[in-house]
$ cat target18.cif   # mmCIF, C-alpha atoms and all ligand atoms
data_query
#
loop_
_atom_site.group_PDB
_atom_site.id
_atom_site.type_symbol
_atom_site.label_atom_id
_atom_site.label_comp_id
_atom_site.auth_asym_id
_atom_site.auth_seq_id
_atom_site.Cartn_x
_atom_site.Cartn_y
_atom_site.Cartn_z
ATOM 1 C CA MET Z 1 119.144 168.136 -29.884
ATOM 2 C CA GLY Z 2 119.328 164.677 -31.544
ATOM 3 C CA ASN Z 3 122.304 163.550 -33.531
ATOM 4 C CA GLY Z 4 120.949 161.892 -36.691
ATOM 5 C CA LYS Z 5 121.884 164.699 -39.038
ATOM 6 C CA CYS Z 6 124.944 166.056 -37.260
ATOM 7 C CA LYS Z 7 128.221 165.962 -39.196
ATOM 8 C CA LEU Z 8 131.595 167.479 -38.491
ATOM 9 C CA ILE Z 9 134.699 167.522 -40.638
ATOM 10 C CA ILE Z 10 137.926 169.230 -39.651
ATOM 11 C CA HIS Z 11 141.327 169.673 -41.277
ATOM 12 C CA GLY Z 12 144.858 170.465 -40.224
ATOM 13 C CA GLY Z 13 146.236 171.580 -43.568
ATOM 14 C CA ALA Z 14 147.690 169.654 -46.472
ATOM 15 C CA GLY Z 15 151.115 168.583 -47.504
ATOM 16 C CA ARG Z 16 153.630 165.865 -47.917
ATOM 17 C CA LEU Z 17 153.994 165.094 -44.230
ATOM 18 C CA GLU Z 18 157.710 165.610 -44.158
ATOM 19 C CA GLY Z 19 157.537 165.544 -40.384
ATOM 20 C CA LYS Z 20 159.561 168.713 -39.743
ATOM 21 C CA VAL Z 21 157.305 169.987 -36.956
ATOM 22 C CA ALA Z 22 155.390 166.808 -36.152
ATOM 23 C CA THR Z 23 154.891 163.225 -37.286
ATOM 24 C CA LYS Z 24 151.888 161.842 -39.130
ATOM 25 C CA GLU Z 25 150.783 160.171 -35.902
ATOM 26 C CA GLN Z 26 150.997 163.456 -33.974
ATOM 27 C CA TYR Z 27 148.831 165.156 -36.601
ATOM 28 C CA ARG Z 28 146.328 162.311 -36.389
ATOM 29 C CA VAL Z 29 146.170 162.529 -32.591
ATOM 30 C CA GLY Z 30 145.868 166.334 -32.709
ATOM 31 C CA LEU Z 31 142.902 166.111 -35.057
ATOM 32 C CA GLN Z 32 141.239 163.383 -32.987
ATOM 33 C CA GLU Z 33 141.618 165.485 -29.846
ATOM 34 C CA ALA Z 34 139.832 168.345 -31.555
ATOM 35 C CA LEU Z 35 137.176 166.212 -33.274
ATOM 36 C CA HIS Z 36 135.641 164.482 -30.284
ATOM 37 C CA PRO Z 37 134.916 167.411 -27.942
ATOM 38 C CA SER Z 38 133.776 169.532 -30.889
ATOM 39 C CA PHE Z 39 131.373 166.823 -32.012
ATOM 40 C CA GLU Z 40 129.863 166.898 -28.520
ATOM 41 C CA THR Z 41 129.528 170.669 -28.892
ATOM 42 C CA LEU Z 42 127.803 170.121 -32.246
ATOM 43 C CA LEU Z 43 125.224 167.878 -30.564
ATOM 44 C CA GLN Z 44 124.660 170.302 -27.681
ATOM 45 C CA GLU Z 45 125.088 173.759 -29.178
ATOM 46 C CA GLY Z 46 124.978 173.509 -32.961
ATOM 47 C CA ALA Z 47 127.169 174.070 -36.004
ATOM 48 C CA ARG Z 48 128.773 177.455 -35.278
ATOM 49 C CA ALA Z 49 129.735 176.555 -31.715
ATOM 50 C CA ALA Z 50 131.256 173.295 -32.986
ATOM 51 C CA VAL Z 51 133.324 174.995 -35.698
ATOM 52 C CA LEU Z 52 134.582 177.562 -33.183
ATOM 53 C CA HIS Z 53 135.412 174.873 -30.643
ATOM 54 C CA ALA Z 54 137.312 172.726 -33.167
ATOM 55 C CA ILE Z 55 139.296 175.636 -34.579
ATOM 56 C CA ARG Z 56 140.173 177.034 -31.143
ATOM 57 C CA LEU Z 57 141.539 173.635 -30.103
ATOM 58 C CA LEU Z 58 143.594 173.393 -33.305
ATOM 59 C CA GLU Z 59 144.826 176.983 -32.871
ATOM 60 C CA SER Z 60 146.038 176.032 -29.372
ATOM 61 C CA ASP Z 61 147.873 172.920 -30.595
ATOM 62 C CA PRO Z 62 151.381 174.078 -31.577
ATOM 63 C CA ILE Z 63 151.856 171.460 -34.300
ATOM 64 C CA PHE Z 64 149.241 173.160 -36.495
ATOM 65 C CA ASN Z 65 149.945 176.321 -38.454
ATOM 66 C CA ALA Z 66 147.236 178.486 -36.899
ATOM 67 C CA GLY Z 67 147.189 180.493 -33.675
ATOM 68 C CA THR Z 68 150.007 179.231 -31.433
ATOM 69 C CA GLY Z 69 152.506 177.526 -33.743
ATOM 70 C CA SER Z 70 151.820 179.731 -36.763
ATOM 71 C CA LYS Z 71 154.618 180.056 -39.308
ATOM 72 C CA LEU Z 72 156.771 183.161 -39.303
ATOM 73 C CA GLN Z 73 156.745 185.630 -42.161
ATOM 74 C CA ARG Z 74 159.875 186.914 -43.891
ATOM 75 C CA ASP Z 75 160.424 189.626 -41.268
ATOM 76 C CA GLY Z 76 160.263 187.121 -38.389
ATOM 77 C CA ARG Z 77 156.763 188.064 -37.277
ATOM 78 C CA VAL Z 78 153.577 186.015 -37.161
ATOM 79 C CA ARG Z 79 150.470 187.416 -38.818
ATOM 80 C CA MET Z 80 147.367 185.264 -38.856
ATOM 81 C CA SER Z 81 144.101 185.171 -40.770
ATOM 82 C CA ALA Z 82 140.797 183.528 -39.942
ATOM 83 C CA ALA Z 83 137.173 183.655 -41.036
ATOM 84 C CA LEU Z 84 133.872 181.937 -40.633
ATOM 85 C CA MET Z 85 130.404 181.957 -42.098
ATOM 86 C CA ASP Z 86 127.182 180.105 -41.440
ATOM 87 C CA SER Z 87 123.791 179.622 -43.020
ATOM 88 C CA VAL Z 88 121.880 181.445 -40.259
ATOM 89 C CA ASP Z 89 122.591 184.931 -41.611
ATOM 90 C CA SER Z 90 125.196 184.251 -44.358
ATOM 91 C CA ILE Z 91 127.522 186.873 -42.889
ATOM 92 C CA PHE Z 92 131.176 186.288 -43.707
ATOM 93 C CA SER Z 93 133.376 187.699 -40.933
ATOM 94 C CA GLY Z 94 137.128 187.545 -40.591
ATOM 95 C CA VAL Z 95 140.519 188.966 -39.720
ATOM 96 C CA ILE Z 96 143.484 189.324 -42.065
ATOM 97 C CA ASN Z 97 147.075 189.503 -40.803
ATOM 98 C CA ILE Z 98 146.135 189.950 -37.150
ATOM 99 C CA TYR Z 99 148.943 189.456 -34.590
ATOM 100 C CA ASP Z 100 149.493 188.778 -30.882
ATOM 101 C CA VAL Z 101 146.167 187.084 -30.211
ATOM 102 C CA GLU Z 102 145.564 183.516 -29.134
ATOM 103 C CA HIS Z 103 142.453 182.777 -31.163
ATOM 104 C CA PRO Z 104 142.061 184.641 -34.458
ATOM 105 C CA ILE Z 105 138.855 182.649 -35.117
ATOM 106 C CA SER Z 106 137.254 184.144 -31.986
ATOM 107 C CA VAL Z 107 138.042 187.658 -33.180
ATOM 108 C CA ALA Z 108 136.553 186.738 -36.579
ATOM 109 C CA ASP Z 109 133.441 185.502 -34.767
ATOM 110 C CA SER Z 110 133.160 188.718 -32.788
ATOM 111 C CA LEU Z 111 133.173 190.778 -36.010
ATOM 112 C CA ARG Z 112 129.916 189.175 -37.131
ATOM 113 C CA GLY Z 113 128.043 191.676 -34.961
ATOM 114 C CA GLU Z 114 129.892 194.781 -36.196
ATOM 115 C CA VAL Z 115 129.260 197.182 -39.056
ATOM 116 C CA HIS Z 116 132.448 196.046 -40.828
ATOM 117 C CA HIS Z 117 132.853 192.278 -40.839
ATOM 118 C CA LEU Z 118 136.426 192.035 -42.102
ATOM 119 C CA LEU Z 119 139.385 193.849 -40.529
ATOM 120 C CA SER Z 120 143.107 193.613 -41.208
ATOM 121 C CA GLY Z 121 146.509 194.236 -39.605
ATOM 122 C CA ASN Z 122 146.871 196.852 -36.868
ATOM 123 C CA GLU Z 123 143.193 197.712 -36.900
ATOM 124 C CA ALA Z 124 142.188 194.062 -36.494
ATOM 125 C CA THR Z 125 144.575 193.731 -33.549
ATOM 126 C CA GLU Z 126 143.385 196.999 -31.975
ATOM 127 C CA TYR Z 127 139.793 195.823 -32.379
ATOM 128 C CA ALA Z 128 140.695 192.571 -30.592
ATOM 129 C CA ARG Z 129 142.213 194.507 -27.672
ATOM 130 C CA ARG Z 130 139.155 196.756 -27.402
ATOM 131 C CA LYS Z 131 136.993 193.654 -27.215
ATOM 132 C CA GLY Z 132 139.136 192.219 -24.412
ATOM 133 C CA PHE Z 133 141.216 189.633 -26.288
ATOM 134 C CA PRO Z 134 144.511 189.677 -24.355
ATOM 135 C CA PHE Z 135 148.068 189.799 -25.737
ATOM 136 C CA HIS Z 136 149.358 186.364 -26.722
ATOM 137 C CA ASP Z 137 152.663 185.580 -28.429
ATOM 138 C CA PRO Z 138 151.960 182.741 -30.892
ATOM 139 C CA ILE Z 139 155.625 182.046 -31.788
ATOM 140 C CA THR Z 140 156.857 178.599 -30.752
ATOM 141 C CA MET Z 141 160.480 177.440 -30.585
ATOM 142 C CA SER Z 142 160.003 174.909 -33.432
ATOM 143 C CA ARG Z 143 158.597 177.567 -35.736
ATOM 144 C CA PHE Z 144 161.380 179.957 -34.789
ATOM 145 C CA ILE Z 145 164.015 177.323 -35.599
ATOM 146 C CA GLU Z 146 162.203 176.537 -38.853
ATOM 147 C CA TYR Z 147 162.273 180.229 -39.742
ATOM 148 C CA ARG Z 148 165.945 180.600 -38.837
ATOM 149 C CA LYS Z 149 166.768 177.680 -41.088
ATOM 150 C CA ALA Z 150 164.821 179.580 -43.752
ATOM 151 C CA LEU Z 151 162.787 176.513 -44.611
ATOM 152 C CA LYS Z 152 160.579 177.480 -47.453
ATOM 153 C CA ASN Z 153 158.038 174.731 -46.802
ATOM 154 C CA ARG Z 154 156.950 175.078 -50.364
ATOM 155 C CA GLU Z 155 155.458 171.628 -50.463
ATOM 156 C CA LYS Z 156 153.957 171.464 -47.019
ATOM 157 C CA PHE Z 157 150.981 173.586 -46.187
ATOM 158 C CA GLY Z 158 149.318 174.127 -42.879
ATOM 159 C CA THR Z 159 146.092 175.767 -41.811
ATOM 160 C CA VAL Z 160 143.147 174.496 -39.844
ATOM 161 C CA GLY Z 161 139.486 174.433 -40.678
ATOM 162 C CA ALA Z 162 136.122 172.937 -39.811
ATOM 163 C CA VAL Z 163 132.739 172.488 -41.444
ATOM 164 C CA ALA Z 164 129.679 171.376 -39.486
ATOM 165 C CA LEU Z 165 126.039 170.530 -40.141
ATOM 166 C CA ASP Z 166 123.720 170.425 -37.152
ATOM 167 C CA GLU Z 167 120.390 168.834 -36.387
ATOM 168 C CA ASP Z 168 118.536 171.998 -37.448
ATOM 169 C CA GLY Z 169 120.223 171.923 -40.863
ATOM 170 C CA ILE Z 170 122.496 174.874 -40.065
ATOM 171 C CA VAL Z 171 125.840 174.744 -41.861
ATOM 172 C CA CYS Z 172 128.958 176.586 -40.665
ATOM 173 C CA ALA Z 173 132.485 176.704 -42.123
ATOM 174 C CA GLY Z 174 135.620 178.263 -40.623
ATOM 175 C CA THR Z 175 139.340 178.473 -41.416
ATOM 176 C CA SER Z 176 142.360 179.796 -39.501
ATOM 177 C CA THR Z 177 145.947 180.081 -40.764
ATOM 178 C CA GLY Z 178 149.421 181.334 -40.046
ATOM 179 C CA GLY Z 179 150.005 181.595 -43.808
ATOM 180 C CA ILE Z 180 152.568 179.801 -45.955
ATOM 181 C CA GLY Z 181 155.711 180.785 -44.045
ATOM 182 C CA ASN Z 182 158.436 183.176 -45.171
ATOM 183 C CA GLU Z 183 155.928 185.226 -47.121
ATOM 184 C CA THR Z 184 156.353 188.920 -47.755
ATOM 185 C CA PRO Z 185 154.575 190.929 -45.032
ATOM 186 C CA GLY Z 186 151.342 192.295 -46.429
ATOM 187 C CA ARG Z 187 150.491 189.138 -48.352
ATOM 188 C CA VAL Z 188 146.805 188.300 -48.070
ATOM 189 C CA SER Z 189 145.933 184.608 -47.882
ATOM 190 C CA ASP Z 190 142.777 182.935 -49.129
ATOM 191 C CA SER Z 191 141.619 181.814 -45.677
ATOM 192 C CA ALA Z 192 139.812 185.040 -44.738
ATOM 193 C CA SER Z 193 138.259 185.353 -48.188
ATOM 194 C CA VAL Z 194 135.246 183.716 -49.787
ATOM 195 C CA ALA Z 195 137.652 181.666 -51.903
ATOM 196 C CA GLY Z 196 138.977 179.889 -48.804
ATOM 197 C CA THR Z 197 135.906 179.767 -46.558
ATOM 198 C CA TYR Z 198 132.238 179.763 -47.522
ATOM 199 C CA ALA Z 199 128.933 178.396 -46.238
ATOM 200 C CA ASP Z 200 125.231 178.733 -46.843
ATOM 201 C CA GLU Z 201 122.243 176.455 -46.302
ATOM 202 C CA LEU Z 202 123.413 174.166 -49.128
ATOM 203 C CA GLY Z 203 126.857 173.392 -47.776
ATOM 204 C CA GLY Z 204 130.188 174.596 -46.453
ATOM 205 C CA VAL Z 205 133.842 174.540 -47.524
ATOM 206 C CA SER Z 206 137.232 175.216 -45.915
ATOM 207 C CA CYS Z 207 140.332 175.212 -48.123
ATOM 208 C CA THR Z 208 144.030 174.682 -47.531
ATOM 209 C CA GLY Z 209 147.046 174.970 -49.788
ATOM 210 C CA LYS Z 210 148.557 177.789 -51.767
ATOM 211 C CA GLY Z 211 146.305 180.783 -51.170
ATOM 212 C CA GLU Z 212 147.117 182.383 -54.499
ATOM 213 C CA HIS Z 213 145.891 179.251 -56.285
ATOM 214 C CA ILE Z 214 142.743 178.987 -54.175
ATOM 215 C CA ILE Z 215 141.908 182.621 -54.923
ATOM 216 C CA ASN Z 216 142.549 182.113 -58.661
ATOM 217 C CA GLN Z 217 139.765 179.554 -58.741
ATOM 218 C CA ALA Z 218 137.447 181.184 -56.153
ATOM 219 C CA VAL Z 219 137.243 177.659 -54.777
ATOM 220 C CA ALA Z 220 134.933 177.712 -51.724
ATOM 221 C CA ALA Z 221 132.388 180.157 -53.138
ATOM 222 C CA GLN Z 222 132.396 178.311 -56.433
ATOM 223 C CA VAL Z 223 131.556 174.997 -54.753
ATOM 224 C CA ILE Z 224 128.548 176.536 -53.019
ATOM 225 C CA TYR Z 225 127.281 178.427 -56.072
ATOM 226 C CA ARG Z 226 127.448 175.279 -58.166
ATOM 227 C CA LEU Z 227 125.530 173.424 -55.434
ATOM 228 C CA ARG Z 228 122.860 176.130 -55.864
ATOM 229 C CA ASP Z 229 122.708 175.223 -59.550
ATOM 230 C CA GLY Z 230 121.901 171.659 -58.519
ATOM 231 C CA VAL Z 231 125.274 170.118 -59.426
ATOM 232 C CA PRO Z 232 126.226 167.214 -57.115
ATOM 233 C CA LEU Z 233 129.126 167.841 -54.706
ATOM 234 C CA LYS Z 234 131.152 165.025 -56.247
ATOM 235 C CA THR Z 235 130.930 166.476 -59.765
ATOM 236 C CA ILE Z 236 131.854 169.947 -58.503
ATOM 237 C CA LEU Z 237 134.924 168.698 -56.657
ATOM 238 C CA LEU Z 238 136.083 166.585 -59.590
ATOM 239 C CA ASP Z 239 135.730 169.557 -61.977
ATOM 240 C CA LEU Z 240 137.525 171.975 -59.658
ATOM 241 C CA MET Z 241 140.413 169.620 -58.961
ATOM 242 C CA LYS Z 242 140.778 168.802 -62.646
ATOM 243 C CA GLU Z 243 140.964 172.486 -63.459
ATOM 244 C CA GLY Z 244 143.394 173.011 -60.565
ATOM 245 C CA ALA Z 245 145.646 170.172 -61.728
ATOM 246 C CA SER Z 246 145.668 171.542 -65.281
ATOM 247 C CA ARG Z 247 146.822 174.916 -63.920
ATOM 248 C CA ASN Z 248 149.432 173.271 -61.693
ATOM 249 C CA HIS Z 249 147.603 174.545 -58.634
ATOM 250 C CA GLU Z 250 148.316 173.117 -55.208
ATOM 251 C CA PHE Z 251 145.416 173.013 -52.797
ATOM 252 C CA GLY Z 252 142.850 170.820 -51.123
ATOM 253 C CA LEU Z 253 139.583 171.242 -49.284
ATOM 254 C CA ILE Z 254 137.067 169.759 -46.911
ATOM 255 C CA SER Z 255 133.367 170.141 -47.657
ATOM 256 C CA LEU Z 256 129.912 169.117 -46.568
ATOM 257 C CA ASP Z 257 126.598 169.482 -48.354
ATOM 258 C CA LYS Z 258 123.185 169.872 -46.731
ATOM 259 C CA ASN Z 259 122.435 166.194 -47.347
ATOM 260 C CA GLY Z 260 125.441 165.341 -45.205
ATOM 261 C CA ARG Z 261 127.830 164.288 -47.958
ATOM 262 C CA PHE Z 262 131.456 164.796 -46.938
ATOM 263 C CA GLY Z 263 134.028 165.647 -49.597
ATOM 264 C CA VAL Z 264 137.817 165.832 -49.245
ATOM 265 C CA ARG Z 265 139.894 166.463 -52.355
ATOM 266 C CA SER Z 266 143.196 167.870 -53.515
ATOM 267 C CA THR Z 267 144.579 168.881 -56.873
ATOM 268 C CA LYS Z 268 147.557 166.513 -56.799
ATOM 269 C CA ASN Z 269 148.254 162.992 -55.573
ATOM 270 C CA SER Z 270 151.245 164.325 -53.692
ATOM 271 C CA ILE Z 271 149.090 166.677 -51.598
ATOM 272 C CA SER Z 272 146.978 165.018 -48.938
ATOM 273 C CA VAL Z 273 144.572 166.890 -46.713
ATOM 274 C CA LEU Z 274 144.948 166.017 -43.019
ATOM 275 C CA TYR Z 275 141.315 165.536 -42.088
ATOM 276 C CA ALA Z 276 139.083 163.855 -39.528
ATOM 277 C CA LEU Z 277 135.321 163.461 -39.751
ATOM 278 C CA LYS Z 278 132.480 162.192 -37.676
ATOM 279 C CA ASP Z 279 128.737 161.622 -37.802
ATOM 280 C CA ALA Z 280 126.388 159.027 -36.360
ATOM 281 C CA SER Z 281 127.647 156.312 -38.713
ATOM 282 C CA HIS Z 282 131.172 157.300 -39.790
ATOM 283 C CA GLU Z 283 134.377 158.161 -38.088
ATOM 284 C CA LEU Z 284 137.384 158.487 -40.349
ATOM 285 C CA ASP Z 285 140.664 160.300 -40.540
ATOM 286 C CA PHE Z 286 143.316 160.767 -43.168
ATOM 287 C CA THR Z 287 145.150 157.645 -42.107
ATOM 288 C CA THR Z 288 142.121 155.365 -42.292
ATOM 289 C CA GLY Z 289 140.119 156.960 -45.084
ATOM 290 C CA ARG Z 290 140.918 157.411 -48.710
ATOM 291 C CA ARG Z 291 142.833 160.476 -49.782
ATOM 292 C CA ASN Z 292 140.061 161.550 -52.103
ATOM 293 C CA LEU Z 293 136.923 160.964 -50.207
ATOM 294 C CA ILE Z 294 133.285 161.521 -50.905
ATOM 295 C CA LEU Z 295 130.779 159.939 -48.518
HETATM 296 N N1 LIG Z 301 145.959 178.746 -47.587
HETATM 297 C C1 LIG Z 301 146.929 179.246 -46.653
HETATM 298 C C2 LIG Z 301 147.595 180.474 -47.223
HETATM 299 O O1 LIG Z 301 147.787 180.576 -48.401
HETATM 300 C C3 LIG Z 301 147.991 178.283 -46.298
HETATM 301 C C4 LIG Z 301 147.566 176.882 -46.076
HETATM 302 O O2 LIG Z 301 146.431 176.508 -46.240
HETATM 303 O O3 LIG Z 301 148.413 176.101 -45.714
HETATM 304 O O4 LIG Z 301 147.970 181.331 -46.466
#

$ encode --input "target18.cif" --output "structure tokens"
Amino acid sequence: MGNGKCKLIIHGGAGRLEGKVATKEQYRVGLQEALHPSFETLLQEGARAAVLHAIRLLESDPIFNAGTGSKLQRDGRVRMSAALMDSVDSIFSGVINIYDVEHPISVADSLRGEVHHLLSGNEATEYARRKGFPFHDPITMSRFIEYRKALKNREKFGTVGAVALDEDGIVCAGTSTGGIGNETPGRVSDSASVAGTYADELGGVSCTGKGEHIINQAVAAQVIYRLRDGVPLKTILLDLMKEGASRNHEFGLISLDKNGRFGVRSTKNSISVLYALKDASHELDFTTGRRNLIL
């Protein structure tokens, strides 16, 4: 596989970088460590493998709020959500509020081949066990201390995501989250919904921020459906963020279109998406690039 067309963009959530769990530099390094091996996977194995690789690495890095290091819910338990979709068969598959697994994104991937593509709670976890995903406790000491201090983290979101375009023009998007922290058990986030994660042959999107707000605007699916209407990615993102700002919504996203344009945007200046991106001619991250980026 050549590498002319290949693009990969990943994110580690959005927020004000208050540095409670990690510093800005640690987030930057964490994203770089996921970007480079996953870009190699993109060149060798294509878009879906690259998205899975990137998200698994971010789920394993305890500074990110996904997999190991997920935030605790109000009852002191971790419940995680993840989903992915690609342009090969346009099947959205995901898990909602799964627990005690290391890689929610891998369980989401496994559901692509099942009759039901989206499972939640106990049944999602039982499915994972049946498929051989072993028990894994994702709670870290820093998250436990954060929970005990009852930090609301209202202004600091976490989640991880990736969008890739490969040499064959296949697009894949994926998202994995531990939620917003201190939420009521039973809350459903945007990440394993078409508002938070969506891809088809025209592009892909992964969102981060307040799930309720992302769902209100059906963000990811809306981006792709407007691309189908021939609206340029830049116009779509500007419109969505303007609407979001007018509704006092707090979210951001990473996106790619089939022509290889990258887009990173958020609804407010105070919210910056922690992203890193790479193709044959660009390599940028949130410390070197502009906050609102369209390439
Ligand atoms: N969107 C996620 C949620 O609402 C959180 C995040 O992106 O930080 O659960």

$ resolve_selection --input "target18.cif" --expression "the PyMOL selection byres (((not hetatm)) within 7 of (chain Z and resi 301))" --output "list in words"
Gly13, Ala14, Phe157, Gly158, Thr159, Thr177, Gly178, Gly179, Ile180, Ser189, Asp190, Ser191, Cys207, Thr208, Gly209, Lys210, Gly211 and Glu212 of chain Z

$ residues_around --input "target18.cif" --residues "Ala50 in chain Z" --least-positions-apart "5" --cutoff "12 Å" --atoms "only C-alpha atoms" --output "number ranges by chain"
Z: 6-10, 34-45, 55-57, 84, 86, 161-166, 170-174

$ residues_near_point --input "target18.cif" --point "(149.2, 193.6, -48.4)" --cutoff "12 Å" --atoms "only C-alpha atoms" --output "compact mmCIF listing (two decimals) with C-alpha atoms, in the coordinates of the input"
# COMPACT_ATOMS: atom_id res chain seq x y z
CA ARG Z 79 150.47 187.42 -38.82
CA ILE Z 96 143.48 189.32 -42.06
CA ASN Z 97 147.07 189.50 -40.80
CA SER Z 120 143.11 193.61 -41.21
CA GLY Z 121 146.51 194.24 -39.60
CA GLU Z 183 155.93 185.23 -47.12
CA THR Z 184 156.35 188.92 -47.76
CA PRO Z 185 154.57 190.93 -45.03
CA GLY Z 186 151.34 192.30 -46.43
CA ARG Z 187 150.49 189.14 -48.35
CA VAL Z 188 146.80 188.30 -48.07
CA SER Z 189 145.93 184.61 -47.88

$ closest_residue --input "target18.cif" --among "Z:Val160, Z:Leu237, Z:Val107, Z:Ile145" --to "Tyr127 in chain Z" --atoms "all atoms listed in the file"
Z:Val107

$ resolve_selection --input "target18.cif" --expression "the PyMOL selection byres (((chain Z and resi 243) around 12) and not hetatm)" --output "PyMOL selection string"
chain Z and resi 213-214+216-219+236-242+244-251+266-268

$ resolve_selection --input "target18.cif" --expression "the PyMOL selection byres (((chain Z and resi 195) around 6) and not hetatm)" --output "NGL selection string"
:Z and (190 or 193-194 or 196-197 or 215 or 218-221)

$ axis_aligned_box --input "target18.cif" --around "range 168-179 of chain Z" --padding-each-side "6 Å" --output "lines of an AutoDock Vina configuration file"
center_x = 134.3
center_y = 176.8
center_z = -40.6
size_x = 43.5
size_y = 21.7
size_z = 18.4
